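Student: Following this line is run-v5.txt, made up of compact mmCIF, C-alpha atoms:
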# COMPACT_ATOMS: atom_id res chain seq x y z
CA MET A 1 0.00 0.00 0.00
CA SER A 2 1.23 3.49 -0.81
CA ARG A 3 2.00 5.61 2.24
CA LYS A 4 1.39 8.94 0.48
CA VAL A 5 -1.77 10.88 1.32
CA ILE A 6 -2.69 14.10 -0.48
CA ILE A 7 -4.54 16.68 1.64
CA ALA A 8 -6.13 19.51 -0.33
CA GLY A 9 -6.78 22.45 1.96
CA GLY A 10 -4.14 20.84 4.13
CA THR A 11 -2.75 23.97 5.81
CA GLY A 12 -5.94 24.65 7.76
CA TYR A 13 -6.71 23.51 11.29
CA ILE A 14 -8.20 20.11 10.38
CA GLY A 15 -5.64 19.47 7.64
CA LEU A 16 -2.59 20.04 9.83
CA ASN A 17 -4.04 17.87 12.60
CA LEU A 18 -4.63 15.11 10.07
CA ALA A 19 -1.10 15.50 8.68
CA ASP A 20 0.38 15.03 12.16
CA TRP A 21 -1.91 12.03 12.75
CA LEU A 22 -0.80 10.41 9.51
CA ASN A 23 2.87 11.16 10.11
CA GLU A 24 2.72 9.46 13.51
CA ARG A 25 1.42 6.35 11.73
CA ASP A 26 4.19 6.26 9.13
CA PHE A 27 2.19 7.85 6.31
CA THR A 28 3.58 10.70 4.21
CA PRO A 29 1.18 13.66 4.04
CA ILE A 30 1.48 16.11 1.15
CA LEU A 31 -0.31 19.43 1.67
CA ILE A 32 -1.96 21.38 -1.13
CA SER A 33 -3.37 24.85 -0.50
CA ARG A 34 -3.65 28.37 -1.80
CA ASN A 35 -1.43 29.76 0.94
CA LYS A 36 1.71 28.53 2.63
CA PRO A 37 1.42 27.21 6.19
CA ARG A 38 1.44 29.97 8.79
CA LYS A 39 4.28 28.23 10.59
CA PRO A 40 6.95 25.82 9.32
CA VAL A 41 5.78 22.22 8.97
CA PRO A 42 7.83 19.10 8.14
CA TYR A 43 5.66 18.19 5.17
CA LEU A 44 5.88 18.81 1.45
CA HIS A 45 3.62 21.72 0.50
CA LEU A 46 2.35 22.43 -3.01
CA GLN A 47 0.48 25.59 -3.94
CA TRP A 48 -2.54 25.82 -6.22
CA ASP A 49 -5.26 28.33 -6.96
CA GLY A 50 -8.00 25.82 -6.18
CA ARG A 51 -9.47 25.95 -9.67
CA SER A 52 -6.74 25.16 -12.22
CA LEU A 53 -4.70 22.09 -13.07
CA GLY A 54 -0.99 22.45 -12.40
CA ALA A 55 2.13 20.73 -11.18
CA TRP A 56 0.32 19.79 -7.95
CA ALA A 57 -1.85 17.31 -9.89
CA GLU A 58 1.13 15.01 -10.46
CA SER A 59 1.35 14.34 -6.71
CA LEU A 60 -1.97 12.45 -6.80
CA ALA A 61 -0.51 9.61 -8.87
CA GLY A 62 0.02 6.49 -6.81
CA ALA A 63 -1.26 8.03 -3.58
CA ALA A 64 -3.02 5.96 -0.91
CA ALA A 65 -5.78 8.57 -0.76
CA VAL A 66 -6.78 12.10 -1.59
CA VAL A 67 -8.55 14.08 1.12
CA ASN A 68 -10.31 17.29 0.12
CA LEU A 69 -10.80 19.83 2.90
CA ALA A 70 -10.52 22.92 0.68
CA GLY A 71 -12.95 25.79 1.04
CA ARG A 72 -13.09 29.42 2.17
CA THR A 73 -13.83 29.85 5.86
CA VAL A 74 -17.44 30.58 6.83
CA ASP A 75 -16.19 32.69 9.76
CA CYS A 76 -16.99 35.98 8.05
CA ILE A 77 -19.75 38.48 7.43
CA LYS A 78 -22.03 36.95 4.81
CA THR A 79 -21.79 39.64 2.13
CA PRO A 80 -22.78 38.58 -1.40
CA ALA A 81 -19.09 38.49 -2.34
CA ASN A 82 -18.16 36.30 0.63
CA CYS A 83 -21.09 33.96 0.00
CA ASP A 84 -19.98 33.61 -3.61
CA GLN A 85 -16.42 32.76 -2.50
CA ILE A 86 -17.67 30.23 0.06
CA LEU A 87 -19.57 28.39 -2.66
CA ARG A 88 -17.06 28.74 -5.51
CA SER A 89 -14.02 27.74 -3.43
CA ARG A 90 -15.68 24.42 -2.60
CA ILE A 91 -17.12 23.66 -6.02
CA GLU A 92 -14.06 24.68 -8.04
CA SER A 93 -11.53 22.86 -5.85
CA THR A 94 -13.61 19.68 -5.93
CA ARG A 95 -14.06 19.93 -9.68
CA VAL A 96 -10.36 20.38 -10.42
CA ILE A 97 -9.38 17.47 -8.17
CA GLY A 98 -11.79 15.33 -10.15
CA GLN A 99 -10.21 16.53 -13.40
CA ALA A 100 -6.74 15.71 -12.08
CA LEU A 101 -7.80 12.22 -11.01
CA GLN A 102 -9.40 11.49 -14.37
CA GLN A 103 -6.04 12.07 -16.10
CA LEU A 104 -4.10 9.61 -13.95
CA SER A 105 -3.24 6.10 -15.03
CA LYS A 106 -2.70 5.12 -11.37
CA GLN A 107 -5.48 6.67 -9.32
CA PRO A 108 -5.71 6.64 -5.52
CA PRO A 109 -8.14 3.96 -4.30
CA VAL A 110 -10.20 6.40 -2.21
CA TRP A 111 -11.28 10.04 -2.23
CA VAL A 112 -12.37 11.37 1.17
CA GLN A 113 -14.46 14.50 0.79
CA MET A 114 -15.27 17.08 3.44
CA SER A 115 -18.86 18.30 3.67
CA THR A 116 -20.84 20.11 6.35
CA ALA A 117 -23.28 19.01 9.04
CA HIS A 118 -24.99 22.35 8.39
CA ILE A 119 -26.46 20.66 5.31
CA TYR A 120 -29.34 19.68 7.62
CA GLY A 121 -30.19 23.29 8.28
CA ASP A 122 -30.94 25.02 11.57
CA SER A 123 -33.21 22.68 13.48
CA GLU A 124 -34.00 21.64 17.03
CA LEU A 125 -34.66 18.12 15.74
CA ARG A 126 -31.97 15.46 16.00
CA CYS A 127 -30.72 14.71 12.48
CA THR A 128 -28.91 11.66 11.11
CA GLU A 129 -27.61 10.68 7.68
CA ASP A 130 -31.18 9.85 6.63
CA SER A 131 -32.67 13.22 7.61
CA VAL A 132 -33.87 15.67 4.99
CA PHE A 133 -31.57 18.55 4.13
CA GLY A 134 -32.35 22.03 5.36
CA TYR A 135 -32.93 25.46 3.86
CA GLY A 136 -30.51 28.39 3.70
CA LEU A 137 -26.97 29.24 2.65
CA ALA A 138 -25.19 26.35 4.39
CA PRO A 139 -27.54 23.63 3.10
CA THR A 140 -27.38 25.12 -0.41
CA VAL A 141 -23.57 25.12 -0.33
CA GLY A 142 -23.45 21.63 1.19
CA LYS A 143 -25.76 20.12 -1.42
CA ALA A 144 -23.89 21.76 -4.31
CA TRP A 145 -20.55 20.64 -2.83
CA GLU A 146 -21.59 17.01 -2.54
CA ALA A 147 -23.28 17.03 -5.96
CA GLU A 148 -20.08 18.29 -7.62
CA TYR A 149 -18.04 15.65 -5.83
CA LEU A 150 -20.27 12.82 -7.02
CA ALA A 151 -20.32 14.27 -10.55
CA VAL A 152 -16.51 14.23 -10.91
CA LEU A 153 -15.72 11.12 -8.82
CA PRO A 154 -13.87 8.64 -11.06
CA GLU A 155 -15.79 5.45 -11.75
CA GLY A 156 -14.89 2.64 -9.38
CA MET A 157 -13.13 4.82 -6.81
CA ARG A 158 -14.19 4.34 -3.20
CA SER A 159 -15.86 7.49 -1.94
CA VAL A 160 -16.39 8.82 1.58
CA ILE A 161 -18.23 12.04 2.46
CA LEU A 162 -17.87 13.39 6.01
CA ARG A 163 -20.57 15.89 7.01
CA THR A 164 -18.55 17.56 9.69
CA SER A 165 -19.77 19.44 12.74
CA PHE A 166 -17.94 21.90 15.04
CA VAL A 167 -14.39 20.58 15.54
CA ILE A 168 -13.10 21.46 19.01
CA GLY A 169 -9.48 21.70 20.12
CA LYS A 170 -7.27 23.98 22.17
CA ASN A 171 -5.32 25.65 19.38
CA GLY A 172 -7.68 25.90 16.43
CA GLY A 173 -11.24 26.39 15.29
CA ALA A 174 -13.71 28.52 17.22
CA LEU A 175 -13.32 26.96 20.68
CA PRO A 176 -10.37 29.16 21.76
CA GLN A 177 -12.48 32.24 21.06
CA LEU A 178 -15.39 30.82 23.08
CA ALA A 179 -12.95 30.02 25.89
CA GLN A 180 -11.60 33.58 25.86
CA LEU A 181 -15.11 35.02 26.12
CA THR A 182 -15.85 32.58 28.93
CA ARG A 183 -12.79 33.69 30.91
CA LEU A 184 -14.01 37.28 30.52
CA GLY A 185 -17.32 36.32 32.10
CA LEU A 186 -19.21 36.43 28.79
CA GLY A 187 -19.78 32.68 28.45
CA GLY A 188 -23.51 32.63 29.05
CA LYS A 189 -26.34 31.75 26.72
CA VAL A 190 -26.93 33.77 23.57
CA GLY A 191 -30.43 34.34 22.28
CA HIS A 192 -32.78 31.71 23.70
CA GLY A 193 -29.88 29.30 24.27
CA ARG A 194 -31.69 26.27 22.83
CA GLN A 195 -29.80 26.25 19.51
CA GLY A 196 -27.79 23.09 19.00
CA ILE A 197 -24.03 22.71 19.08
CA SER A 198 -22.95 19.48 17.44
CA TRP A 199 -19.25 18.96 17.99
CA ILE A 200 -16.37 16.51 17.54
CA HIS A 201 -12.98 16.48 19.28
CA GLU A 202 -10.04 17.12 16.96
CA ASP A 203 -8.56 13.69 17.74
CA ASP A 204 -11.81 11.96 16.79
CA MET A 205 -11.92 14.01 13.59
CA SER A 206 -8.42 12.88 12.63
CA ALA A 207 -9.19 9.29 13.64
CA LEU A 208 -12.35 9.28 11.55
CA LEU A 209 -10.50 10.68 8.52
CA PHE A 210 -7.80 8.06 9.02
CA ARG A 211 -10.38 5.30 9.16
CA ALA A 212 -11.98 6.61 5.96
CA ILE A 213 -8.56 6.45 4.30
CA THR A 214 -7.56 2.98 5.47
CA ASP A 215 -10.77 0.97 6.00
CA GLU A 216 -12.15 -0.33 2.70
CA LYS A 217 -15.54 -1.01 4.31
CA ILE A 218 -16.14 2.71 4.86
CA GLN A 219 -18.08 4.16 1.94
CA GLY A 220 -20.73 6.81 1.37
CA ALA A 221 -21.88 9.73 3.50
CA TYR A 222 -21.36 9.91 7.26
CA VAL A 223 -22.14 12.53 9.87
CA ALA A 224 -18.81 13.40 11.54
CA SER A 225 -19.99 14.40 14.99
CA ALA A 226 -19.81 13.07 18.53
CA PRO A 227 -22.95 11.33 19.84
CA ASP A 228 -23.54 14.07 22.45
CA PRO A 229 -24.87 17.26 20.83
CA ARG A 230 -25.81 19.96 23.33
CA SER A 231 -27.81 23.15 23.41
CA TYR A 232 -25.72 26.31 23.40
CA ARG A 233 -26.76 26.92 27.01
CA ASP A 234 -25.53 23.48 28.11
CA PHE A 235 -22.35 23.66 26.03
CA MET A 236 -21.32 26.96 27.62
CA ARG A 237 -22.22 25.68 31.10
CA ALA A 238 -19.86 22.73 30.58
CA LEU A 239 -17.13 25.03 29.25
CA ARG A 240 -17.47 27.38 32.24
CA LYS A 241 -17.22 24.45 34.62
CA GLN A 242 -14.09 23.12 32.92
CA LEU A 243 -12.44 26.56 32.94
CA ARG A 244 -13.59 27.19 36.54
CA VAL A 245 -15.46 30.36 35.66
CA PRO A 246 -18.52 30.69 37.91
CA ILE A 247 -20.40 33.34 35.95
CA GLY A 248 -21.44 33.63 32.34
CA LEU A 249 -23.36 36.73 31.37
CA PRO A 250 -26.07 36.13 28.76
CA ALA A 251 -26.38 38.08 25.52
CA THR A 252 -29.59 38.93 23.72
CA SER A 253 -29.91 38.39 19.99
CA TRP A 254 -29.50 42.07 19.16
CA MET A 255 -26.34 42.28 21.28
CA VAL A 256 -24.89 39.28 19.43
CA ARG A 257 -25.81 40.70 16.02
CA PHE A 258 -24.08 43.98 16.86
CA GLY A 259 -20.99 42.44 18.46
CA THR A 260 -20.33 39.78 15.83
CA ARG A 261 -20.64 42.22 12.96
CA TYR A 262 -18.78 45.23 14.34
CA LEU A 263 -16.34 43.70 16.85
CA PHE A 264 -15.62 40.18 15.59
CA LYS A 265 -16.36 40.74 11.87
CA THR A 266 -18.28 37.52 11.52
CA ASP A 267 -21.76 36.11 11.06
CA PRO A 268 -24.14 36.21 14.07
CA GLU A 269 -25.98 33.17 12.75
CA LEU A 270 -22.93 31.03 13.61
CA VAL A 271 -24.00 31.28 17.27
CA LEU A 272 -27.68 32.28 17.10
CA TYR A 273 -28.67 29.18 15.12
CA GLY A 274 -27.59 25.58 15.37
CA ARG A 275 -28.38 21.93 14.81
CA PHE A 276 -28.34 18.61 16.62
CA VAL A 277 -26.72 15.88 14.51
CA VAL A 278 -25.57 12.35 15.32
CA SER A 279 -24.26 9.57 13.11
CA GLN A 280 -26.62 6.65 12.85
CA ARG A 281 -24.18 4.89 10.51
CA LEU A 282 -21.20 5.11 12.89
CA ALA A 283 -23.39 3.87 15.76
CA GLU A 284 -24.54 0.90 13.69
CA GLU A 285 -20.94 0.10 12.76
CA GLY A 286 -19.85 0.23 16.39
CA TYR A 287 -17.48 3.15 15.95
CA ASP A 288 -15.70 3.91 19.22
CA PHE A 289 -15.27 7.64 19.86
CA ARG A 290 -12.32 8.61 22.01
CA TYR A 291 -14.37 11.50 23.37
CA PRO A 292 -18.06 10.57 23.15
CA GLU A 293 -19.20 13.07 25.81
CA LEU A 294 -18.64 16.82 25.97
CA GLU A 295 -17.22 16.88 29.49
CA SER A 296 -14.55 14.28 28.65
CA ALA A 297 -13.67 16.18 25.46
CA LEU A 298 -13.25 19.49 27.30
CA GLN A 299 -11.23 17.71 30.01
CA GLY A 300 -8.98 16.30 27.30
CA ILE A 301 -8.45 19.80 25.87
CA TYR A 302 -8.13 21.91 29.01
CA GLY A 303 -7.39 19.39 31.78
CA LYS A 304 -4.10 19.59 33.64
Can you turn what I pasted into structure tokens?
Tutor:
Amino acid sequence: MSRKVIIAGGTGYIGLNLADWLNERDFTPILISRNKPRKPVPYLHLQWDGRSLGAWAESLAGAAAVVNLAGRTVDCIKTPANCDQILRSRIESTRVIGQALQQLSKQPPVWVQMSTAHIYGDSELRCTEDSVFGYGLAPTVGKAWEAEYLAVLPEGMRSVILRTSFVIGKNGGALPQLAQLTRLGLGGKVGHGRQGISWIHEDDMSALLFRAITDEKIQGAYVASAPDPRSYRDFMRALRKQLRVPIGLPATSWMVRFGTRYLFKTDPELVLYGRFVVSQRLAEEGYDFRYPELESALQGIYGK
């Protein structure tokens, strides 16, 4: 088996965690991205524009897998231009990977494709892989993303789609920002507090990606989320307890809309709306999460 794994969008938070995970297991990660890593990494890095074939495409030949994590961050104000970039960056990068794979005489046996758990929309219902998709920007982007992937997937190649929830870790993603607010006494509920936070520990995310790469029985679409989604109110209560902060001041919807736009330059809907997702398929397959409960995950991140 080849030990080379190509990670498109590999210089982001999830990609670098996966690269370290693979390296520790004697695989050779190769990172492809628009920008160079923010800090030096011991892995080969190839640049692309995310839409055009180039020298990077040659690296896919003979690889054990290609993992596509590429896409513009959704942590931004949803202007028309930003929404367009969020959609195009995902569709174009997926399309050009498909074009590169079609040209190879020795294709990787599996293509693992990132998707979003937000594809199920903003709902207080508990959603699984069989649930209907939602309405709004995120579901529209998610459906188009997956449709493009299936359209360009080479015939006969094993395919895995991971509809990923909120990845939590100490040094990446949105959790450090939530922790900072919590330490300032601002870690209370926002809005009504019932919106769902579906989450997965960074180690479980890397382990699930690794399983998708190496286990030939894994195929199709999976929800990548721990089996313990919480309401925003409960999530922040658990975070306050872990950080030993006794008080968390609440914020009304209008306060959040003002603060996220003018102070944090991001979308208030990222915290005012949410979803509860769990993976029925992983449960049926007996998948063993390292951190199945929120308290154990936060202890693993912030515990002494």
Student: Do a neighbour search on region 246-256 of chain A at 6 Å with only C-alpha atoms, toss out local chain neighbours closer than 2 positions, and write the hits as a list of chain:residue names.
Tutor: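 Residues near the query, excluding close chain neighbours: A:Gly185, A:Leu186, A:Gly187, A:Gly188, A:Lys189, A:Val190, A:Gly191, A:Phe258, A:Gly259, A:Thr260.
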Student: Between A:Arg3, A:Arg51, A:Arg211, A:Arg261, which is the closest to Thr94 (chain A) once you count only C-alpha atoms?
Tutor: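 Closest to Thr94 (chain A), using only C-alpha atoms: A:Arg51.
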Student: When distances are computed from all atoms listed in the file, which of A:Ser279, A:Ser206, A:Thr164, A:Thr73 shows the smallest separation from Asn23 (chain A)?
Tutor: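 So, comparing all the options, the nearest one is A:Ser206.
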Student: Figure out the distance between CA of Ser2 (chain A) and CA of Ile30 (chain A), please, to one decimal in Å.
Tutor: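 About the pair CA of Ile30 (chain A) and CA of Ser2 (chain A): they are 12.8 Å apart.
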Student: If we count only C-alpha atoms and set the cut-off at 8 Å, which residues sit around Glu293 (chain A), ignoring sequence neighbours fewer than 5 positions away in its own chain? Please answer as JSON, numbers by chain.
Tutor: {"A": [226, 227, 228]}
Student: Applying 7 Å and only C-alpha atoms, which residues near region 169-173 of chain A remain after dropping the ones on its own chain fewer than 2 positions away? List them as a VMD selection string.
Tutor: chain A and resid 13 167 175 to 176 201 to 202 301
Student: State, in Å with one decimal place, the distance from CA of Arg90 (chain A) to CA of Pro40 (chain A).
Tutor: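 According to the coordinates, CA of Arg90 (chain A) and CA of Pro40 (chain A) are separated by 25.6 Å.
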Student: With region 192-200 of chain A as the partner and 9 Å as the cut-off, tabulate the residues of region 22-135 of chain A that qualify, each row holding the nearest pair of atoms and their distance in Å to one decimal, using all atoms listed in the file, sorted by chain and rising number, as a tab-separated table.
Tutor:
residue	atom	partner	partner_atom	distance
A:Ala117	CA	A:Ser198	CA	8.4
A:Asp122	CA	A:Gln195	CA	8.1
A:Ser123	CA	A:Gly196	CA	7.7
A:Glu124	CA	A:Gly196	CA	6.7
Student: Place a sphere of radius 10 Å on (-25.1, 37.1, 4.6) in the file coordinates and name every protein, DNA or RNA residue with an atom inside or on its surface, counting all atoms listed in the file; give the answer as a PyMOL selection string.
Tutor: chain A and resi 76-83+137+266-269
Student: Given only C-alpha atoms as the basis, pick out the residue of A:Gly10, A:Gly98, A:Pro109, A:Pro29 nearest to Ala57 (chain A).
Tutor: A:Gly98
Student: Name the closest residue to Gly220 (chain A) among the candidates A:Lys265, A:Arg281, A:Arg244, A:Arg257; distances are taken between atoms, counting all atoms listed in the file.
Tutor: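 Comparing A:Lys265, A:Arg281, A:Arg244, A:Arg257 against Gly220 (chain A), the winner is A:Arg281.
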Student: Restricting the calculation to only C-alpha atoms, which member of A:Asn17, A:Tyr273, A:Gln103, A:Ala224 is positioned closest to Val41 (chain A)?
Tutor: A:Asn17
Student: Do you know which residues are at most 6 Å from Val67 (chain A) counting only C-alpha atoms, after dropping those on the same chain fewer than 3 positions away, and could you put them as a list in words?
Tutor: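 Near neighbours after the sequence-gap exclusion: Ile7, Trp111, Val112 and Gln113 of chain A.
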Student: Mind giving me the straight-line distance from CA of Arg233 (chain A) to CA of Glu284 (chain A) in Å, one decimal?
Tutor: 29.3 Å
Student: Need the shell around Asp26 (chain A): protein/DNA/RNA residues with any atom at most 12 Å away, counting all atoms listed in the file. Skip same-chain ones fewer than 4 positions apart. Format as a ChimeraX atom specification?
Tutor: /A:1-5,19-22
Student: Considering only C-alpha atoms, can you say which of A:Gly142, A:Val74, A:Leu44, A:Glu148 comes closest to Ser93 (chain A)?
Tutor: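 Going through A:Gly142, A:Val74, A:Leu44, A:Glu148 one by one, the smallest distance to Ser93 (chain A) is for A:Glu148.
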Student: List as number ranges by chain the residues having at least one atom at most 7 Å from position (-14.2, 12.7, -6.9) as given in the file, counting only C-alpha atoms.
Tutor: A: 97-98, 111, 149-150, 152-154
